[in-house]
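> Structure below; questions to follow.
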Amino acid sequence: MLFPVFLIENVENIKHENDGTFNLYWADSGDLVAISSDTSFYILKYNRDVVSSYLDSGSSVDEQGVEDAFELLHEMSERVRTGVWVGDCFIYTNSSWRLNYCVGGE
């Protein structure tokens with residue numbers, strides 16, 4: 001799955017991918033994000049230090065974004081209808097409106 005992710009502070013594209021419809025669910029900590037498509041969702045860790053170091057070095061960000069800006073933690077073959085983070089726990093409803101949660105990939 002491909003998706004665009006922007007650094008909000010200065011609206012720079014830190015990682016760009018493109019594959020149609022998706023939803024982003026950011027944890028309040030800003031370190032975790034769930035990205036859902038029509039058939040699956042992904043939990044990624046945002047590597048803030050990697051991005052900060054890259055931007056502080058004065059390097060320009062091309063259309064591919066910053067390498068290693070995100071680390072894939074988990075991939076689940078399930079559609080997310082609604083989702084919310086509570087700490088490090090992603091709580092969501094699936095395509096059958098069943099309430100589920102994901103903590104550490106479980």
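The chains in the structure tokens are called A, B, ... from first to last as shown; in each chain the residues are counted from 1, and the ligands are counted from 1 in the order shown.
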Find the residues near A:Tyr42: any atom within 6 Å, counting only C-alpha atoms, skip ones fewer than 5 places away on the same chain, and give them as an MDAnalysis selection string.
chainID A and resid 34:35 74:75
> Write out, as a PDB file, in the first residue's frame, the residues just selected, with all heavy atoms.

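Full text of part21.pdb as output:
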```pdb
ATOM      1  N   ALA A  34      -1.959   4.338  12.432  1.00  0.00           N
ATOM      2  CA  ALA A  34      -2.623   3.225  11.760  1.00  0.00           C
ATOM      3  C   ALA A  34      -3.087   3.751  10.413  1.00  0.00           C
ATOM      4  O   ALA A  34      -3.681   4.821  10.323  1.00  0.00           O
ATOM      5  CB  ALA A  34      -3.815   2.720  12.568  1.00  0.00           C
ATOM      6  N   ILE A  35      -2.781   3.024   9.374  1.00  0.00           N
ATOM      7  CA  ILE A  35      -3.174   3.406   8.021  1.00  0.00           C
ATOM      8  C   ILE A  35      -4.067   2.301   7.484  1.00  0.00           C
ATOM      9  O   ILE A  35      -3.653   1.146   7.417  1.00  0.00           O
ATOM     10  CB  ILE A  35      -1.948   3.594   7.122  1.00  0.00           C
ATOM     11  CG1 ILE A  35      -1.029   4.655   7.721  1.00  0.00           C
ATOM     12  CG2 ILE A  35      -2.381   3.974   5.705  1.00  0.00           C
ATOM     13  CD1 ILE A  35       0.309   4.741   7.064  1.00  0.00           C
ATOM     14  N   HIS A  74       3.115  -3.756  12.181  1.00  0.00           N
ATOM     15  CA  HIS A  74       2.123  -4.809  12.003  1.00  0.00           C
ATOM     16  C   HIS A  74       1.290  -4.560  10.757  1.00  0.00           C
ATOM     17  O   HIS A  74       1.027  -3.416  10.398  1.00  0.00           O
ATOM     18  CB  HIS A  74       1.171  -4.879  13.199  1.00  0.00           C
ATOM     19  CG  HIS A  74       1.868  -4.917  14.507  1.00  0.00           C
ATOM     20  ND1 HIS A  74       2.575  -6.010  14.938  1.00  0.00           N
ATOM     21  CD2 HIS A  74       1.995  -3.994  15.478  1.00  0.00           C
ATOM     22  CE1 HIS A  74       3.099  -5.744  16.109  1.00  0.00           C
ATOM     23  NE2 HIS A  74       2.768  -4.523  16.456  1.00  0.00           N
ATOM     24  N   GLU A  75       0.877  -5.641  10.139  1.00  0.00           N
ATOM     25  CA  GLU A  75      -0.054  -5.589   9.005  1.00  0.00           C
ATOM     26  C   GLU A  75      -1.194  -6.558   9.308  1.00  0.00           C
ATOM     27  O   GLU A  75      -0.959  -7.709   9.660  1.00  0.00           O
ATOM     28  CB  GLU A  75       0.646  -6.005   7.717  1.00  0.00           C
ATOM     29  CG  GLU A  75      -0.260  -5.992   6.515  1.00  0.00           C
ATOM     30  CD  GLU A  75       0.457  -6.356   5.231  1.00  0.00           C
ATOM     31  OE1 GLU A  75       1.703  -6.408   5.227  1.00  0.00           O
ATOM     32  OE2 GLU A  75      -0.236  -6.599   4.240  1.00  0.00           O
TER      33      GLU A  75
END
```
> If you run DSSP on the backbone, which residues of stretch 15-98 of chain A are alpha helix (DSSP H), as a PyMOL selection string?
chain A and resi 48-56
> For A:Asp68, find every residue with an atom within 8 Å (counting only C-alpha atoms), except residues of its own chain fewer than 3 positions away, and show them as a PyMOL selection string.
chain A and resi 47+50+71
> I need the residues from that last selection saved to file as a compact mmCIF listing (two decimals), in the first residue's frame (with C-alpha atoms), if you can.

```txt
# COMPACT_ATOMS: atom_id res chain seq x y z
CA ASN A 47 10.83 7.75 13.61
CA VAL A 50 15.44 10.13 11.89
CA GLU A 71 8.89 1.41 10.56
```
> Please list as a list of chain:residue names every residue within 9 Å of stretch 79-93 of chain A, counting only C-alpha atoms and excluding residues in the same chain fewer than 5 positions away.
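Residues near the query, excluding close chain neighbours: A:Asn23, A:Tyr25, A:Trp26, A:Ala27, A:Asp28, A:Ser29, A:Leu32, A:Val33, A:Ala34, A:Ser36, A:Ser37, A:Asp38, A:Thr39, A:Ser40, A:Phe41, A:Ile43, A:Arg98, A:Leu99, A:Asn100, A:Tyr101, A:Cys102, A:Val103, A:Gly104.
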> Record the distance separating atom CA of A:Asp49 and atom CA of A:Leu73, expressed in Å with one decimal.
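These two atoms are separated by 17.2 Å.
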> In stretch 12-98 of chain A, what's strand (DSSP E) per DSSP? Answer as a short mmCIF file (atom, residue, chain, number, x, y, z; two decimals) with all heavy atoms, in the first residue's frame?

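Here's the written file states38.cif:
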```
data_model
loop_
_atom_site.label_atom_id
_atom_site.label_comp_id
_atom_site.auth_asym_id
_atom_site.auth_seq_id
_atom_site.Cartn_x
_atom_site.Cartn_y
_atom_site.Cartn_z
N GLU A 12 6.00 19.48 4.82
CA GLU A 12 6.91 18.81 3.90
C GLU A 12 6.52 17.36 3.78
O GLU A 12 6.12 16.74 4.75
CB GLU A 12 8.35 18.91 4.41
CG GLU A 12 8.92 20.30 4.28
CD GLU A 12 10.42 20.29 4.32
OE1 GLU A 12 11.02 19.51 3.57
OE2 GLU A 12 10.97 21.07 5.09
N ASN A 13 6.64 16.85 2.60
CA ASN A 13 6.32 15.45 2.35
C ASN A 13 7.45 14.60 2.91
O ASN A 13 8.54 14.61 2.38
CB ASN A 13 6.16 15.24 0.85
CG ASN A 13 5.70 13.85 0.50
OD1 ASN A 13 5.41 13.05 1.37
ND2 ASN A 13 5.62 13.59 -0.78
N ILE A 14 7.19 13.88 4.02
CA ILE A 14 8.26 13.07 4.60
C ILE A 14 8.27 11.66 4.07
O ILE A 14 9.25 10.95 4.17
CB ILE A 14 8.19 13.06 6.14
CG1 ILE A 14 6.85 12.57 6.64
CG2 ILE A 14 8.55 14.41 6.70
CD1 ILE A 14 6.81 12.33 8.13
N LYS A 15 7.19 11.23 3.49
CA LYS A 15 7.15 9.93 2.84
C LYS A 15 5.97 9.95 1.91
O LYS A 15 4.87 10.30 2.30
CB LYS A 15 6.98 8.82 3.89
CG LYS A 15 7.23 7.44 3.36
CD LYS A 15 8.70 7.22 3.05
CE LYS A 15 8.95 5.82 2.56
NZ LYS A 15 10.25 5.66 1.98
N HIS A 16 6.18 9.59 0.65
CA HIS A 16 5.09 9.66 -0.30
C HIS A 16 4.88 8.31 -0.96
O HIS A 16 5.80 7.71 -1.47
CB HIS A 16 5.35 10.70 -1.39
CG HIS A 16 4.25 10.74 -2.41
ND1 HIS A 16 3.06 11.37 -2.16
CD2 HIS A 16 4.14 10.20 -3.63
CE1 HIS A 16 2.27 11.22 -3.22
NE2 HIS A 16 2.91 10.51 -4.13
N ASN A 23 -7.20 5.81 5.21
CA ASN A 23 -7.42 6.68 6.37
C ASN A 23 -6.22 6.59 7.28
O ASN A 23 -5.62 5.52 7.42
CB ASN A 23 -8.67 6.25 7.14
CG ASN A 23 -9.93 6.55 6.38
OD1 ASN A 23 -10.16 7.67 5.96
ND2 ASN A 23 -10.74 5.53 6.17
N LEU A 24 -5.87 7.71 7.88
CA LEU A 24 -4.77 7.77 8.85
C LEU A 24 -5.36 7.99 10.23
O LEU A 24 -6.21 8.85 10.42
CB LEU A 24 -3.84 8.94 8.54
CG LEU A 24 -3.04 8.89 7.25
CD1 LEU A 24 -2.28 10.19 7.06
CD2 LEU A 24 -2.09 7.72 7.26
N TYR A 25 -4.88 7.24 11.20
CA TYR A 25 -5.27 7.39 12.60
C TYR A 25 -4.00 7.56 13.41
O TYR A 25 -3.27 6.59 13.64
CB TYR A 25 -6.03 6.15 13.09
CG TYR A 25 -7.27 5.83 12.30
CD1 TYR A 25 -7.21 4.94 11.24
CD2 TYR A 25 -8.50 6.40 12.62
CE1 TYR A 25 -8.34 4.62 10.51
CE2 TYR A 25 -9.64 6.09 11.89
CZ TYR A 25 -9.55 5.20 10.84
OH TYR A 25 -10.68 4.89 10.11
N TRP A 26 -3.70 8.79 13.83
CA TRP A 26 -2.48 9.06 14.59
C TRP A 26 -2.75 8.90 16.08
O TRP A 26 -3.77 9.37 16.59
CB TRP A 26 -2.00 10.49 14.35
CG TRP A 26 -1.26 10.67 13.07
CD1 TRP A 26 -1.77 11.09 11.88
CD2 TRP A 26 0.12 10.43 12.86
NE1 TRP A 26 -0.78 11.13 10.94
CE2 TRP A 26 0.40 10.73 11.51
CE3 TRP A 26 1.16 9.99 13.67
CZ2 TRP A 26 1.67 10.60 10.97
CZ3 TRP A 26 2.43 9.86 13.13
CH2 TRP A 26 2.67 10.17 11.79
N LEU A 32 2.90 6.74 16.71
CA LEU A 32 2.26 5.59 16.07
C LEU A 32 1.15 6.06 15.15
O LEU A 32 0.46 7.05 15.45
CB LEU A 32 1.66 4.65 17.12
CG LEU A 32 2.65 3.98 18.07
CD1 LEU A 32 1.90 3.29 19.21
CD2 LEU A 32 3.50 2.97 17.32
N VAL A 33 0.99 5.36 14.06
CA VAL A 33 -0.09 5.68 13.12
C VAL A 33 -0.64 4.37 12.56
O VAL A 33 0.10 3.43 12.30
CB VAL A 33 0.40 6.61 11.98
CG1 VAL A 33 1.49 5.98 11.14
CG2 VAL A 33 -0.76 7.08 11.12
N ALA A 34 -1.96 4.34 12.43
CA ALA A 34 -2.62 3.22 11.76
C ALA A 34 -3.09 3.75 10.41
O ALA A 34 -3.68 4.82 10.32
CB ALA A 34 -3.82 2.72 12.57
N ILE A 35 -2.78 3.02 9.37
CA ILE A 35 -3.17 3.41 8.02
C ILE A 35 -4.07 2.30 7.48
O ILE A 35 -3.65 1.15 7.42
CB ILE A 35 -1.95 3.59 7.12
CG1 ILE A 35 -1.03 4.66 7.72
CG2 ILE A 35 -2.38 3.97 5.71
CD1 ILE A 35 0.31 4.74 7.06
N SER A 36 -5.30 2.66 7.15
CA SER A 36 -6.24 1.64 6.70
C SER A 36 -6.62 1.84 5.24
O SER A 36 -6.73 2.96 4.76
CB SER A 36 -7.49 1.65 7.58
OG SER A 36 -8.24 2.82 7.36
N PHE A 41 -5.11 -3.03 7.22
CA PHE A 41 -4.53 -1.85 7.85
C PHE A 41 -3.14 -2.17 8.36
O PHE A 41 -2.75 -3.32 8.52
CB PHE A 41 -5.43 -1.28 8.96
CG PHE A 41 -5.51 -2.08 10.22
CD1 PHE A 41 -4.69 -1.80 11.29
CD2 PHE A 41 -6.44 -3.11 10.34
CE1 PHE A 41 -4.78 -2.53 12.47
CE2 PHE A 41 -6.55 -3.83 11.51
CZ PHE A 41 -5.72 -3.55 12.58
N TYR A 42 -2.38 -1.11 8.57
CA TYR A 42 -0.98 -1.20 8.94
C TYR A 42 -0.73 -0.32 10.16
O TYR A 42 -1.27 0.78 10.24
CB TYR A 42 -0.08 -0.70 7.80
CG TYR A 42 -0.40 -1.37 6.49
CD1 TYR A 42 -1.44 -0.93 5.68
CD2 TYR A 42 0.33 -2.47 6.06
CE1 TYR A 42 -1.74 -1.56 4.48
CE2 TYR A 42 0.04 -3.11 4.87
CZ TYR A 42 -1.00 -2.65 4.09
OH TYR A 42 -1.30 -3.28 2.91
N ILE A 43 0.08 -0.80 11.08
CA ILE A 43 0.51 0.00 12.22
C ILE A 43 1.98 0.33 11.98
O ILE A 43 2.81 -0.57 11.78
CB ILE A 43 0.35 -0.77 13.55
CG1 ILE A 43 -1.07 -1.27 13.76
CG2 ILE A 43 0.85 0.08 14.72
CD1 ILE A 43 -2.09 -0.22 14.07
N LEU A 44 2.29 1.62 11.99
CA LEU A 44 3.66 2.06 11.75
C LEU A 44 4.14 2.92 12.91
O LEU A 44 3.34 3.61 13.55
CB LEU A 44 3.75 2.89 10.48
CG LEU A 44 3.50 2.16 9.17
CD1 LEU A 44 2.04 2.25 8.80
CD2 LEU A 44 4.36 2.73 8.09
N LYS A 45 5.43 2.87 13.13
CA LYS A 45 6.07 3.74 14.12
C LYS A 45 6.75 4.87 13.36
O LYS A 45 7.51 4.63 12.41
CB LYS A 45 7.11 2.96 14.93
CG LYS A 45 7.82 3.83 15.93
CD LYS A 45 8.88 3.07 16.68
CE LYS A 45 9.59 4.03 17.61
NZ LYS A 45 10.89 3.56 18.00
N TYR A 46 6.46 6.09 13.76
CA TYR A 46 7.08 7.27 13.16
C TYR A 46 8.42 7.51 13.85
O TYR A 46 8.48 7.66 15.06
CB TYR A 46 6.16 8.48 13.32
CG TYR A 46 6.77 9.79 12.89
CD1 TYR A 46 7.30 9.94 11.62
CD2 TYR A 46 6.79 10.88 13.75
CE1 TYR A 46 7.84 11.15 11.22
CE2 TYR A 46 7.33 12.09 13.36
CZ TYR A 46 7.85 12.22 12.10
OH TYR A 46 8.39 13.41 11.70
N PHE A 70 9.38 5.83 8.67
CA PHE A 70 8.42 4.95 9.32
C PHE A 70 8.94 3.52 9.35
O PHE A 70 9.63 3.09 8.44
CB PHE A 70 7.07 4.97 8.59
CG PHE A 70 6.35 6.28 8.71
CD1 PHE A 70 6.55 7.27 7.77
CD2 PHE A 70 5.49 6.52 9.76
CE1 PHE A 70 5.91 8.48 7.87
CE2 PHE A 70 4.84 7.73 9.88
CZ PHE A 70 5.04 8.72 8.94
N GLU A 71 8.57 2.83 10.41
CA GLU A 71 8.89 1.41 10.56
C GLU A 71 7.58 0.64 10.64
O GLU A 71 6.72 0.94 11.49
CB GLU A 71 9.69 1.22 11.83
CG GLU A 71 9.98 -0.21 12.19
CD GLU A 71 10.64 -0.33 13.54
OE1 GLU A 71 11.14 0.67 14.09
OE2 GLU A 71 10.66 -1.47 14.06
N LEU A 72 7.40 -0.33 9.76
CA LEU A 72 6.19 -1.15 9.77
C LEU A 72 6.24 -2.08 10.97
O LEU A 72 7.16 -2.89 11.10
CB LEU A 72 6.06 -1.95 8.48
CG LEU A 72 4.86 -2.89 8.41
CD1 LEU A 72 3.56 -2.12 8.45
CD2 LEU A 72 4.95 -3.75 7.15
N LEU A 73 5.26 -1.97 11.86
CA LEU A 73 5.20 -2.83 13.03
C LEU A 73 4.28 -4.02 12.81
O LEU A 73 4.60 -5.13 13.20
CB LEU A 73 4.73 -2.04 14.26
CG LEU A 73 5.59 -0.86 14.69
CD1 LEU A 73 4.96 -0.15 15.88
CD2 LEU A 73 7.00 -1.32 15.02
N HIS A 74 3.11 -3.76 12.18
CA HIS A 74 2.12 -4.81 12.00
C HIS A 74 1.29 -4.56 10.76
O HIS A 74 1.03 -3.42 10.40
CB HIS A 74 1.17 -4.88 13.20
CG HIS A 74 1.87 -4.92 14.51
ND1 HIS A 74 2.57 -6.01 14.94
CD2 HIS A 74 1.99 -3.99 15.48
CE1 HIS A 74 3.10 -5.74 16.11
NE2 HIS A 74 2.77 -4.52 16.46
N GLU A 75 0.88 -5.64 10.14
CA GLU A 75 -0.05 -5.59 9.01
C GLU A 75 -1.19 -6.56 9.31
O GLU A 75 -0.96 -7.71 9.66
CB GLU A 75 0.65 -6.01 7.72
CG GLU A 75 -0.26 -5.99 6.52
CD GLU A 75 0.46 -6.36 5.23
OE1 GLU A 75 1.70 -6.41 5.23
OE2 GLU A 75 -0.24 -6.60 4.24
N MET A 76 -2.41 -6.07 9.22
CA MET A 76 -3.58 -6.89 9.52
C MET A 76 -4.50 -6.91 8.29
O MET A 76 -4.78 -5.86 7.71
CB MET A 76 -4.36 -6.32 10.71
CG MET A 76 -3.51 -6.06 11.94
SD MET A 76 -2.96 -7.54 12.75
CE MET A 76 -4.38 -7.90 13.71
N THR A 82 -14.03 2.32 11.70
CA THR A 82 -13.75 3.44 12.59
C THR A 82 -12.56 3.04 13.46
O THR A 82 -12.36 1.85 13.71
CB THR A 82 -14.94 3.77 13.51
OG1 THR A 82 -15.23 2.65 14.34
CG2 THR A 82 -16.17 4.15 12.69
N GLY A 83 -11.80 4.01 13.91
CA GLY A 83 -10.66 3.69 14.75
C GLY A 83 -10.25 4.84 15.63
O GLY A 83 -10.49 6.01 15.30
N VAL A 84 -9.64 4.50 16.76
CA VAL A 84 -9.14 5.50 17.70
C VAL A 84 -8.01 4.86 18.50
O VAL A 84 -8.01 3.66 18.76
CB VAL A 84 -10.27 6.00 18.64
CG1 VAL A 84 -10.80 4.90 19.54
CG2 VAL A 84 -9.82 7.20 19.45
N TRP A 85 -7.03 5.67 18.85
CA TRP A 85 -5.93 5.22 19.70
C TRP A 85 -6.24 5.56 21.15
O TRP A 85 -6.71 6.65 21.46
CB TRP A 85 -4.63 5.92 19.32
CG TRP A 85 -4.02 5.42 18.06
CD1 TRP A 85 -4.20 5.91 16.80
CD2 TRP A 85 -3.11 4.32 17.93
NE1 TRP A 85 -3.47 5.19 15.90
CE2 TRP A 85 -2.79 4.21 16.57
CE3 TRP A 85 -2.55 3.42 18.84
CZ2 TRP A 85 -1.93 3.24 16.09
CZ3 TRP A 85 -1.68 2.46 18.37
CH2 TRP A 85 -1.37 2.36 17.02
N VAL A 86 -5.97 4.63 22.04
CA VAL A 86 -6.00 4.86 23.48
C VAL A 86 -4.63 4.43 23.99
O VAL A 86 -4.36 3.23 24.08
CB VAL A 86 -7.14 4.07 24.17
CG1 VAL A 86 -7.10 4.29 25.67
CG2 VAL A 86 -8.50 4.45 23.59
N CYS A 89 -2.76 1.44 22.27
CA CYS A 89 -3.76 0.46 21.84
C CYS A 89 -4.64 1.08 20.75
O CYS A 89 -5.25 2.12 20.96
CB CYS A 89 -4.62 0.04 23.03
SG CYS A 89 -5.95 -1.10 22.62
N PHE A 90 -4.69 0.43 19.60
CA PHE A 90 -5.56 0.89 18.50
C PHE A 90 -6.88 0.12 18.60
O PHE A 90 -6.90 -1.10 18.49
CB PHE A 90 -4.90 0.65 17.14
CG PHE A 90 -5.71 1.16 15.99
CD1 PHE A 90 -6.04 2.50 15.89
CD2 PHE A 90 -6.13 0.29 15.00
CE1 PHE A 90 -6.79 2.97 14.82
CE2 PHE A 90 -6.88 0.75 13.92
CZ PHE A 90 -7.20 2.09 13.83
N ILE A 91 -7.96 0.84 18.85
CA ILE A 91 -9.30 0.25 18.96
C ILE A 91 -10.06 0.59 17.69
O ILE A 91 -10.08 1.75 17.27
CB ILE A 91 -10.03 0.80 20.20
CG1 ILE A 91 -9.23 0.48 21.46
CG2 ILE A 91 -11.45 0.22 20.29
CD1 ILE A 91 -9.74 1.14 22.71
N TYR A 92 -10.69 -0.42 17.09
CA TYR A 92 -11.35 -0.20 15.81
C TYR A 92 -12.55 -1.12 15.64
O TYR A 92 -12.68 -2.13 16.31
CB TYR A 92 -10.36 -0.41 14.66
CG TYR A 92 -9.86 -1.83 14.53
CD1 TYR A 92 -10.45 -2.71 13.62
CD2 TYR A 92 -8.80 -2.30 15.29
CE1 TYR A 92 -10.00 -4.02 13.50
CE2 TYR A 92 -8.34 -3.60 15.17
CZ TYR A 92 -8.94 -4.45 14.27
OH TYR A 92 -8.50 -5.74 14.15
N THR A 93 -13.42 -0.72 14.72
CA THR A 93 -14.50 -1.60 14.29
C THR A 93 -14.15 -2.09 12.90
O THR A 93 -13.62 -1.34 12.07
CB THR A 93 -15.87 -0.90 14.25
OG1 THR A 93 -15.78 0.26 13.43
CG2 THR A 93 -16.31 -0.48 15.65
#
```
